[in-house]
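Colleague: Below is the file upload27.pdb, with PDB, C-alpha atoms.
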ATOM      1  CA  MET A   1       0.000   0.000   0.000
ATOM      2  CA  THR A   2       1.356   3.414  -0.899
ATOM      3  CA  THR A   3       0.912   6.500   1.164
ATOM      4  CA  PRO A   4      -0.406   9.692  -0.474
ATOM      5  CA  SER A   5       2.963  11.409  -0.167
ATOM      6  CA  SER A   6       4.900   8.567  -1.769
ATOM      7  CA  SER A   7       2.431   8.275  -4.658
ATOM      8  CA  ASN A   8       2.629  12.062  -5.191
ATOM      9  CA  GLU A   9       6.408  11.863  -5.256
ATOM     10  CA  ALA A  10       6.206   9.196  -7.948
ATOM     11  CA  ARG A  11       4.154  11.512 -10.194
ATOM     12  CA  TYR A  12       5.547  14.381 -12.175
ATOM     13  CA  ASP A  13       3.210  17.347 -12.564
ATOM     14  CA  LEU A  14       3.836  18.522 -16.125
ATOM     15  CA  GLU A  15       1.368  21.394 -15.862
ATOM     16  CA  ASN A  16       3.523  22.944 -13.135
ATOM     17  CA  SER A  17       6.920  22.017 -14.591
ATOM     18  CA  ILE A  18       8.952  25.007 -15.793
ATOM     19  CA  GLY A  19      10.800  22.864 -18.346
ATOM     20  CA  TYR A  20       7.617  21.392 -19.772
ATOM     21  CA  LEU A  21       5.802  24.734 -19.955
ATOM     22  CA  LEU A  22       8.806  26.493 -21.512
ATOM     23  CA  ASN A  23       9.131  23.772 -24.110
ATOM     24  CA  ARG A  24       5.411  23.730 -24.827
ATOM     25  CA  ALA A  25       5.218  27.531 -25.185
ATOM     26  CA  ALA A  26       8.336  27.605 -27.387
ATOM     27  CA  HIS A  27       6.937  24.820 -29.551
ATOM     28  CA  LEU A  28       3.610  26.631 -29.996
ATOM     29  CA  VAL A  29       5.249  29.957 -30.877
ATOM     30  CA  ALA A  30       7.635  28.207 -33.264
ATOM     31  CA  ALA A  31       4.803  26.274 -34.921
ATOM     32  CA  ARG A  32       2.763  29.451 -35.437
ATOM     33  CA  PHE A  33       5.697  31.383 -36.866
ATOM     34  CA  SER A  34       6.820  28.432 -38.995
ATOM     35  CA  ASP A  35       3.512  28.676 -40.833
ATOM     36  CA  ASP A  36       4.451  32.240 -41.843
ATOM     37  CA  LEU A  37       7.974  31.189 -42.849
ATOM     38  CA  LYS A  38       6.987  28.213 -45.041
ATOM     39  CA  PRO A  39       5.781  30.193 -48.088
ATOM     40  CA  HIS A  40       9.230  31.844 -48.147
ATOM     41  CA  GLU A  41      11.004  28.482 -47.850
ATOM     42  CA  VAL A  42      12.669  29.601 -44.633
ATOM     43  CA  ASN A  43      12.859  27.397 -41.552
ATOM     44  CA  LEU A  44      13.304  28.625 -37.972
ATOM     45  CA  GLN A  45      17.075  28.054 -38.013
ATOM     46  CA  ALA A  46      17.434  30.166 -41.157
ATOM     47  CA  TRP A  47      15.158  32.842 -39.674
ATOM     48  CA  ARG A  48      17.309  33.040 -36.539
ATOM     49  CA  ILE A  49      20.388  33.623 -38.681
ATOM     50  CA  LEU A  50      18.638  36.322 -40.717
ATOM     51  CA  ALA A  51      17.248  37.976 -37.569
ATOM     52  CA  ALA A  52      20.643  37.893 -35.825
ATOM     53  CA  LEU A  53      22.295  39.493 -38.850
ATOM     54  CA  SER A  54      19.575  42.136 -39.068
ATOM     55  CA  ALA A  55      20.327  43.076 -35.455
ATOM     56  CA  LEU A  56      24.082  43.165 -36.066
ATOM     57  CA  ASN A  57      25.340  42.560 -39.590
ATOM     58  CA  ASN A  58      28.739  41.108 -40.531
ATOM     59  CA  GLN A  59      29.160  38.594 -37.716
ATOM     60  CA  SER A  60      31.453  35.593 -37.644
ATOM     61  CA  LEU A  61      29.855  32.150 -37.629
ATOM     62  CA  SER A  62      30.845  31.849 -33.953
ATOM     63  CA  GLU A  63      29.211  35.166 -33.110
ATOM     64  CA  VAL A  64      25.998  34.151 -34.868
ATOM     65  CA  ALA A  65      26.129  30.812 -33.017
ATOM     66  CA  ASP A  66      26.522  32.667 -29.733
ATOM     67  CA  HIS A  67      23.676  35.044 -30.608
ATOM     68  CA  THR A  68      21.246  32.336 -31.735
ATOM     69  CA  GLY A  69      22.274  29.419 -29.520
ATOM     70  CA  ALA A  70      22.818  27.331 -32.651
ATOM     71  CA  GLU A  71      25.502  24.713 -33.001
ATOM     72  CA  LEU A  72      28.243  25.634 -35.468
ATOM     73  CA  SER A  73      27.711  22.555 -37.650
ATOM     74  CA  TYR A  74      24.010  23.329 -38.142
ATOM     75  CA  LEU A  75      24.742  27.003 -38.550
ATOM     76  CA  SER A  76      27.350  26.352 -41.217
ATOM     77  CA  ARG A  77      24.937  24.245 -43.278
ATOM     78  CA  SER A  78      22.068  26.695 -42.850
ATOM     79  CA  SER A  79      24.193  29.699 -43.749
ATOM     80  CA  ALA A  80      25.472  27.897 -46.861
ATOM     81  CA  ALA A  81      21.858  27.286 -47.924
ATOM     82  CA  LEU A  82      21.022  30.952 -47.283
ATOM     83  CA  GLU A  83      24.049  31.967 -49.338
ATOM     84  CA  GLU A  84      22.878  29.723 -52.194
ATOM     85  CA  ARG A  85      19.556  31.542 -52.134
ATOM     86  CA  GLY A  86      21.297  34.929 -52.205
ATOM     87  CA  LEU A  87      20.066  35.938 -48.746
ATOM     88  CA  VAL A  88      23.451  36.071 -46.990
ATOM     89  CA  GLU A  89      27.011  36.525 -48.087
ATOM     90  CA  ARG A  90      29.815  34.496 -46.525
ATOM     91  CA  THR A  91      33.265  36.072 -46.641
ATOM     92  CA  PRO A  92      36.572  35.085 -45.053
ATOM     93  CA  SER A  93      37.865  37.341 -42.319
ATOM     94  CA  ARG A  94      40.668  39.676 -43.345
ATOM     95  CA  SER A  95      42.552  38.979 -40.122
ATOM     96  CA  ASP A  96      41.973  35.213 -39.863
ATOM     97  CA  LYS A  97      41.256  33.217 -43.011
ATOM     98  CA  ARG A  98      39.786  30.373 -40.925
ATOM     99  CA  THR A  99      36.975  32.671 -39.782
ATOM    100  CA  ILE A 100      33.912  33.185 -41.947
ATOM    101  CA  HIS A 101      31.763  36.303 -41.627
ATOM    102  CA  LEU A 102      28.093  36.431 -42.540
ATOM    103  CA  SER A 103      26.273  39.489 -43.848
ATOM    104  CA  LEU A 104      22.756  40.035 -45.101
ATOM    105  CA  THR A 105      22.376  40.755 -48.795
ATOM    106  CA  LYS A 106      19.760  43.222 -50.037
ATOM    107  CA  ALA A 107      17.449  40.267 -50.667
ATOM    108  CA  GLY A 108      18.071  38.982 -47.130
ATOM    109  CA  SER A 109      17.319  42.401 -45.632
ATOM    110  CA  ALA A 110      14.137  42.649 -47.694
ATOM    111  CA  LEU A 111      13.021  39.221 -46.488
ATOM    112  CA  VAL A 112      13.628  40.187 -42.851
ATOM    113  CA  ARG A 113      11.586  43.379 -43.373
ATOM    114  CA  GLU A 114       8.770  41.260 -44.783
ATOM    115  CA  LEU A 115       8.840  38.527 -42.120
ATOM    116  CA  ALA A 116       9.596  40.578 -38.999
ATOM    117  CA  PRO A 117       6.030  41.951 -38.709
ATOM    118  CA  LYS A 118       4.690  38.385 -38.886
ATOM    119  CA  GLY A 119       7.014  37.366 -36.055
ATOM    120  CA  ARG A 120       5.907  40.359 -34.011
ATOM    121  CA  GLU A 121       2.267  39.408 -34.612
ATOM    122  CA  VAL A 122       2.861  35.855 -33.352
ATOM    123  CA  GLU A 123       4.504  37.291 -30.260
ATOM    124  CA  ARG A 124       1.659  39.771 -29.734
ATOM    125  CA  ALA A 125      -0.870  36.932 -30.034
ATOM    126  CA  SER A 126       1.039  34.909 -27.450
ATOM    127  CA  LEU A 127       1.013  37.852 -25.023
ATOM    128  CA  VAL A 128      -2.514  39.169 -25.621
ATOM    129  CA  THR A 129      -3.694  38.580 -22.034
ATOM    130  CA  VAL A 130      -0.317  39.052 -20.333
ATOM    131  CA  SER A 131       0.142  42.337 -18.497
ATOM    132  CA  ALA A 132       3.256  44.455 -19.007
ATOM    133  CA  ALA A 133       4.223  43.805 -15.383
ATOM    134  CA  ASP A 134       3.844  40.039 -15.782
ATOM    135  CA  LEU A 135       5.855  40.126 -19.002
ATOM    136  CA  LYS A 136       8.663  42.047 -17.286
ATOM    137  CA  VAL A 137       8.781  39.491 -14.451
ATOM    138  CA  THR A 138       8.604  36.591 -16.906
ATOM    139  CA  LEU A 139      11.506  37.913 -18.995
ATOM    140  CA  ARG A 140      13.602  38.549 -15.885
ATOM    141  CA  THR A 141      12.777  35.061 -14.606
ATOM    142  CA  LEU A 142      13.663  33.407 -17.917
ATOM    143  CA  ARG A 143      17.009  35.229 -18.017
ATOM    144  CA  THR A 144      17.681  34.077 -14.461
ATOM    145  CA  ILE A 145      16.783  30.482 -15.326
ATOM    146  CA  CYS A 146      19.164  30.568 -18.305
ATOM    147  CA  HIS A 147      21.894  32.071 -16.139
ATOM    148  CA  ASN A 148      21.350  29.452 -13.414
ATOM    149  CA  LEU A 149      21.477  26.547 -15.844
ATOM    150  CA  VAL A 150      24.676  27.782 -17.460
ATOM    151  CA  THR A 151      26.404  28.859 -14.262
ATOM    152  CA  HIS A 152      25.465  25.970 -12.000
ATOM    153  CA  ALA A 153      25.646  23.060 -14.436
ATOM    154  CA  ASP A 154      29.107  21.795 -13.592
ATOM    155  CA  ALA A 155      28.265  18.121 -13.167
ATOM    156  CA  PRO A 156      29.561  15.886 -15.998
ATOM    157  CA  ALA A 157      26.012  14.698 -16.720
ATOM    158  CA  ALA A 158      24.974  18.296 -17.351
ATOM    159  CA  VAL A 159      27.502  18.804 -20.136
ATOM    160  CA  ASN A 160      25.921  18.781 -23.568
ATOM    161  CA  ARG A 161      26.239  20.779 -26.765
ATOM    162  CA  LYS A 162      23.628  23.431 -25.927
ATOM    163  CA  LEU A 163      25.145  24.088 -22.501
ATOM    164  CA  THR A 164      28.593  24.176 -24.075
ATOM    165  CA  ILE A 165      27.400  26.931 -26.406
ATOM    166  CA  ALA A 166      25.852  28.852 -23.525
ATOM    167  CA  ARG A 167      29.028  28.520 -21.459
ATOM    168  CA  ARG A 168      31.097  29.738 -24.433
ATOM    169  CA  VAL A 169      28.857  32.814 -24.705
ATOM    170  CA  LYS A 170      29.233  33.485 -20.988
ATOM    171  CA  LYS A 171      33.015  33.058 -21.069
ATOM    172  CA  ARG A 172      33.422  35.389 -24.073
ATOM    173  CA  ALA A 173      31.239  37.981 -22.379
ATOM    174  CA  GLN A 174      33.327  37.741 -19.213
ATOM    175  CA  LEU A 175      36.511  38.202 -21.230
ATOM    176  CA  ARG A 176      34.999  41.320 -22.808
ATOM    177  CA  GLY A 177      33.758  42.491 -19.394
ATOM    178  CA  VAL A 178      30.091  42.620 -20.401
ATOM    179  CA  ASP A 179      26.856  41.011 -19.256
ATOM    180  CA  ALA A 180      26.669  37.411 -20.506
ATOM    181  CA  ALA A 181      22.982  37.765 -21.362
ATOM    182  CA  PRO A 182      22.633  40.946 -23.392
ATOM    183  CA  ARG A 183      19.148  42.292 -23.463
ATOM    184  CA  ARG A 184      19.303  42.972 -27.175
ATOM    185  CA  LYS A 185      15.863  42.450 -28.647
ATOM    186  CA  SER A 186      15.533  40.086 -31.531
ATOM    187  CA  ALA A 187      14.708  41.573 -34.904
ATOM    188  CA  TYR A 188      11.111  40.468 -34.866
ATOM    189  CA  ILE A 189      10.232  42.026 -31.503
ATOM    190  CA  GLN A 190      12.128  45.308 -31.753
ATOM    191  CA  GLN A 191       9.114  47.230 -32.989
ATOM    192  CA  ARG A 192       6.617  45.844 -30.478
TER     193      ARG A 192
END
For this file, produce the structure as structure tokens.
Modeller:
Amino acid sequence: MTTPSSSNEARYDLENSIGYLLNRAAHLVAARFSDDLKPHEVNLQAWRILAALSALNNQSLSEVADHTGAELSYLSRSSAALEERGLVERTPSRSDKRTIHLSLTKAGSALVRELAPKGREVERASLVTVSAADLKVTLRTLRTICHNLVTHADAPAAVNRKLTIARRVKKRAQLRGVDAAPRRKSAYIQQR
């Protein structure tokens, strides 16, 4: 016979799990925005590259990876596909030939201008009943969660590619003497 406390401990309450709710919300936002991207033959990974470059053009692959949280291997393939379509230009660095810089082309900038309002609309729809105060607390809480997971994930089991990227971002920011989680708005929410 199980006691109520032991049976409760054996259950996992998804509806009150921060990880589950974050993933579910992210999936829903991504699915909604993906519908807007499909007619332009752009996936979310490609959009993140375009949006990152619209916020700060002429970034190295590593900088775009840091900005988007993407893994370099995926980013390299996606940026090559965007280059093939004439949306980005990849050029070797003048100071280090091993480094590739990405820049938006005119066509890439035009596509961002066309898609950014659709991204803002998806975000507005997701926040329609959320107060400004709640949004401020939510954003601060999410930044804190990200910081906690990167800073306090030193156990070997916690090491994976996404955390490695986040730690690299944090370390570079520390070397530059800046906040590891810049509050730079993404391209599609800047005009909210």
Colleague: To one decimal in Å, tell me the separation between CA of Glu83 (chain A) and CA of Val29 (chain A).
Modeller: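 Here the two named atoms are 26.4 Å from each other.
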Colleague: Given the PyMOL selection byres ((chain A and resi 50-54) around 9) and the file above, list the residues it selects as a list in words.
Modeller: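 Those residues are Gln45, Ala46, Trp47, Arg48, Ile49, Ala55, Leu56, Asn57, Asn58, Gln59, Val64, His67, Thr68, Leu82, Leu87, Val88, Leu102, Ser103, Leu104, Gly108, Ser109, Leu111, Val112, Ala116, Ser186, Ala187 and Tyr188 of chain A.
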Colleague: Determine the residue membership of the PyMOL selection byres ((chain A and resi 30-39) around 10) for the file above and supply it as a PyMOL selection string.
Modeller: chain A and resi 24-29+40-44+46-47+115+118-123+125-126
Colleague: Grab the CA of Glu63 (chain A) to CA of His101 (chain A) distance for me, in Å with one decimal place.
Modeller: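 Rounded to one decimal, the two atoms are 9.0 Å apart.
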Colleague: Record the distance separating CA of Val137 (chain A) and CA of His152 (chain A), expressed in Å with one decimal.
Modeller: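 Going from CA of Val137 (chain A) over to CA of His152 (chain A), I get 21.6 Å.
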